[in-house]
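Engineer: The structure under discussion is supplied below as structure tokens; questions concerning it will follow.
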Amino acid sequence: MTATPMGRMLKSVGPGGVILRCMSSKEPVDATLDATDARLLLELVANPRATGVELANRLGLSRNTVQARLSRWEASGVLGSFERRVEPRALGYPLAAFVAVVVDQHQLDSVVDELAEVPEVTEVCGMTGLTDLTVRVVAQDADDLYRIAGQILKIPGVERTNMALVMRELVGPRTAPLLDRLAGSS
């Protein structure tokens with residue numbers, strides 16, 4: 001198998017929220033962050049509703065410094081979407097699974113486009129290794145999961161799939177440990 005960059009941001013909205021961007025054609029994020037940046041980002045992770053003034057007061061920075069950094073990070077892609085994470089369970093989708101998808105390389109873009117149209121698909125990542133895509137899906141029950149798996153298999157260009165049911169999310173999406181390291185906290 002070859003690497004399969006997806007080349008764009010996926011913006012489909014389904015029961016699990018907006019499909020997450022794993023890879024895109026955007027310029028690489030400027031990751032030149034210092035310890036002050038890390039402290040500010042940690043505070044923002046801990047208190048996502050904090051205002052610029054509150055962040056400045058908590059960290060002993062000027063409001064202008066905080067606002068300039070936040071603006072720079074938004075423009076450069078350091079800060080992602082400010083959307084709240086809605087749990088699919090609360091929407092009636094208690095099951096989650098990862099589907100490993102092998103794709104005809106000539107149809108990769110159209111497969112990704114089709115996956116973005118499936119409401120239960122909450123994330124698509126281009127992969128290296130034995131599979132081309134890893135797709136996170138949510139389902140209402142086992143029958144619904146079976147239906148979704150069949151829907152994915154029917155997409156032209158999908159050669160085969162392998163599914164793994166998520167039993168429990170043990171560590172959710174996070175960046176705080178990386179920010180702790182950068183800030184010199186650990």
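Within each chain, counting starts at residue 1; across the structure tokens, chains are named A, B, ... in the order shown, with ligands numbered 1 upward in that order.
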Apply DSSP to the structure's backbone, then extract all residues of region 85-116 of chain A labelled strand (DSSP E or B) and return them as an MDAnalysis selection string.

Structural biologist: chainID A and resid 95:103

Engineer: Need to verify the contact set: Phe98 (chain A), 6 Å, only C-alpha atoms, exclusion of same-chain residues closer than 3 positions in sequence. Can you return it as a PyMOL selection string?

Structural biologist: chain A and resi 135-136+163-164

Engineer: Might you pull out every residue within 12 Å of Glu43 (chain A), with only C-alpha atoms counted and same-chain residues fewer than 6 positions away left off, and present them as a list of chain:residue names?

Structural biologist: A:Thr36, A:Asp37, A:Arg49, A:Ala50, A:Thr51, A:Gly52, A:Glu54, A:Leu55, A:Ala56, A:Asn57, A:Arg58, A:Leu59, A:Val66, A:Thr175, A:Ala176, A:Leu179, A:Asp180, A:Ala183

Engineer: What does the file look like for those residues with N, CA and C atoms, as an mmCIF file, in the first residue's frame?

Structural biologist:
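Result file is result.cif:
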```cif
data_model
loop_
_atom_site.group_PDB
_atom_site.id
_atom_site.type_symbol
_atom_site.label_atom_id
_atom_site.label_comp_id
_atom_site.auth_asym_id
_atom_site.auth_seq_id
_atom_site.Cartn_x
_atom_site.Cartn_y
_atom_site.Cartn_z
ATOM 1 N N THR A 36 5.670 30.478 27.010
ATOM 2 C CA THR A 36 4.519 31.355 27.267
ATOM 3 C C THR A 36 3.333 30.932 26.408
ATOM 4 N N ASP A 37 3.604 30.591 25.147
ATOM 5 C CA ASP A 37 2.544 30.076 24.283
ATOM 6 C C ASP A 37 1.920 28.832 24.907
ATOM 7 N N ARG A 49 -13.796 28.707 27.804
ATOM 8 C CA ARG A 49 -14.705 29.855 27.724
ATOM 9 C C ARG A 49 -14.079 31.146 28.255
ATOM 10 N N ALA A 50 -12.845 31.080 28.684
ATOM 11 C CA ALA A 50 -12.187 32.264 29.255
ATOM 12 C C ALA A 50 -12.036 33.353 28.196
ATOM 13 N N THR A 51 -12.228 34.585 28.617
ATOM 14 C CA THR A 51 -12.023 35.728 27.721
ATOM 15 C C THR A 51 -10.536 36.053 27.655
ATOM 16 N N GLY A 52 -10.172 36.876 26.692
ATOM 17 C CA GLY A 52 -8.781 37.316 26.584
ATOM 18 C C GLY A 52 -8.308 38.017 27.843
ATOM 19 N N GLU A 54 -9.478 37.548 30.939
ATOM 20 C CA GLU A 54 -9.317 36.533 31.991
ATOM 21 C C GLU A 54 -8.017 35.757 31.811
ATOM 22 N N LEU A 55 -7.723 35.379 30.584
ATOM 23 C CA LEU A 55 -6.477 34.654 30.315
ATOM 24 C C LEU A 55 -5.273 35.517 30.671
ATOM 25 N N ALA A 56 -5.316 36.768 30.283
ATOM 26 C CA ALA A 56 -4.209 37.687 30.583
ATOM 27 C C ALA A 56 -4.014 37.820 32.090
ATOM 28 N N ASN A 57 -5.092 37.999 32.831
ATOM 29 C CA ASN A 57 -4.996 38.138 34.291
ATOM 30 C C ASN A 57 -4.451 36.881 34.952
ATOM 31 N N ARG A 58 -4.908 35.712 34.522
ATOM 32 C CA ARG A 58 -4.459 34.450 35.123
ATOM 33 C C ARG A 58 -2.973 34.193 34.887
ATOM 34 N N LEU A 59 -2.469 34.662 33.748
ATOM 35 C CA LEU A 59 -1.087 34.358 33.374
ATOM 36 C C LEU A 59 -0.131 35.533 33.560
ATOM 37 N N VAL A 66 -2.058 38.567 24.758
ATOM 38 C CA VAL A 66 -2.927 37.388 24.647
ATOM 39 C C VAL A 66 -3.708 37.438 23.337
ATOM 40 N N THR A 175 -4.303 17.390 24.117
ATOM 41 C CA THR A 175 -3.018 18.007 23.807
ATOM 42 C C THR A 175 -2.331 18.524 25.065
ATOM 43 N N ALA A 176 -3.029 18.520 26.191
ATOM 44 C CA ALA A 176 -2.475 19.084 27.426
ATOM 45 C C ALA A 176 -1.113 18.490 27.809
ATOM 46 N N LEU A 179 1.488 20.204 25.773
ATOM 47 C CA LEU A 179 1.639 21.595 26.199
ATOM 48 C C LEU A 179 2.370 21.682 27.530
ATOM 49 N N ASP A 180 2.087 20.740 28.450
ATOM 50 C CA ASP A 180 2.817 20.686 29.728
ATOM 51 C C ASP A 180 4.315 20.556 29.473
ATOM 52 N N ALA A 183 5.703 23.777 28.094
ATOM 53 C CA ALA A 183 5.725 24.832 29.113
ATOM 54 C C ALA A 183 6.759 24.555 30.193
#
```

Engineer: Mind checking which residues fall within 8 Å of region 99-106 of chain A, counting only C-alpha atoms, ignoring those fewer than 6 positions away in the same chain, and posting them as a list in words?

Structural biologist: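 Returned residues: Leu130, Thr131, Asp132, Leu133, Thr134, Val135, Arg136, Val137, Gly157, Val158, Glu159, Arg160, Thr161, Asn162, Met163 and Ala164 of chain A.
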
Engineer: Region 20-101 of chain A: which residues are alpha helix (DSSP H) by DSSP, as an MDAnalysis selection string?

Structural biologist: chainID A and resid 35:46 52:59 63:76

Engineer: When you count only C-alpha atoms, which of these residues is closest to Ile155 (chain A): A:Val111, A:Ala35, A:Leu40, A:Ala96?

Structural biologist: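 Looking only at the distances to Ile155 (chain A), the closest residue turns out to be A:Val111.
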
Engineer: CA of Leu145 (chain A) to CA of Arg174 (chain A): how many Å, to one decimal?

Structural biologist: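 Taking CA of Leu145 (chain A) and CA of Arg174 (chain A), their separation equals 26.8 Å.
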
Engineer: Could you state the separation of CA of Val112 (chain A) and CA of Arg85 (chain A) in Å, given to one decimal place?

Structural biologist: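 Going from CA of Val112 (chain A) over to CA of Arg85 (chain A) covers 22.6 Å.
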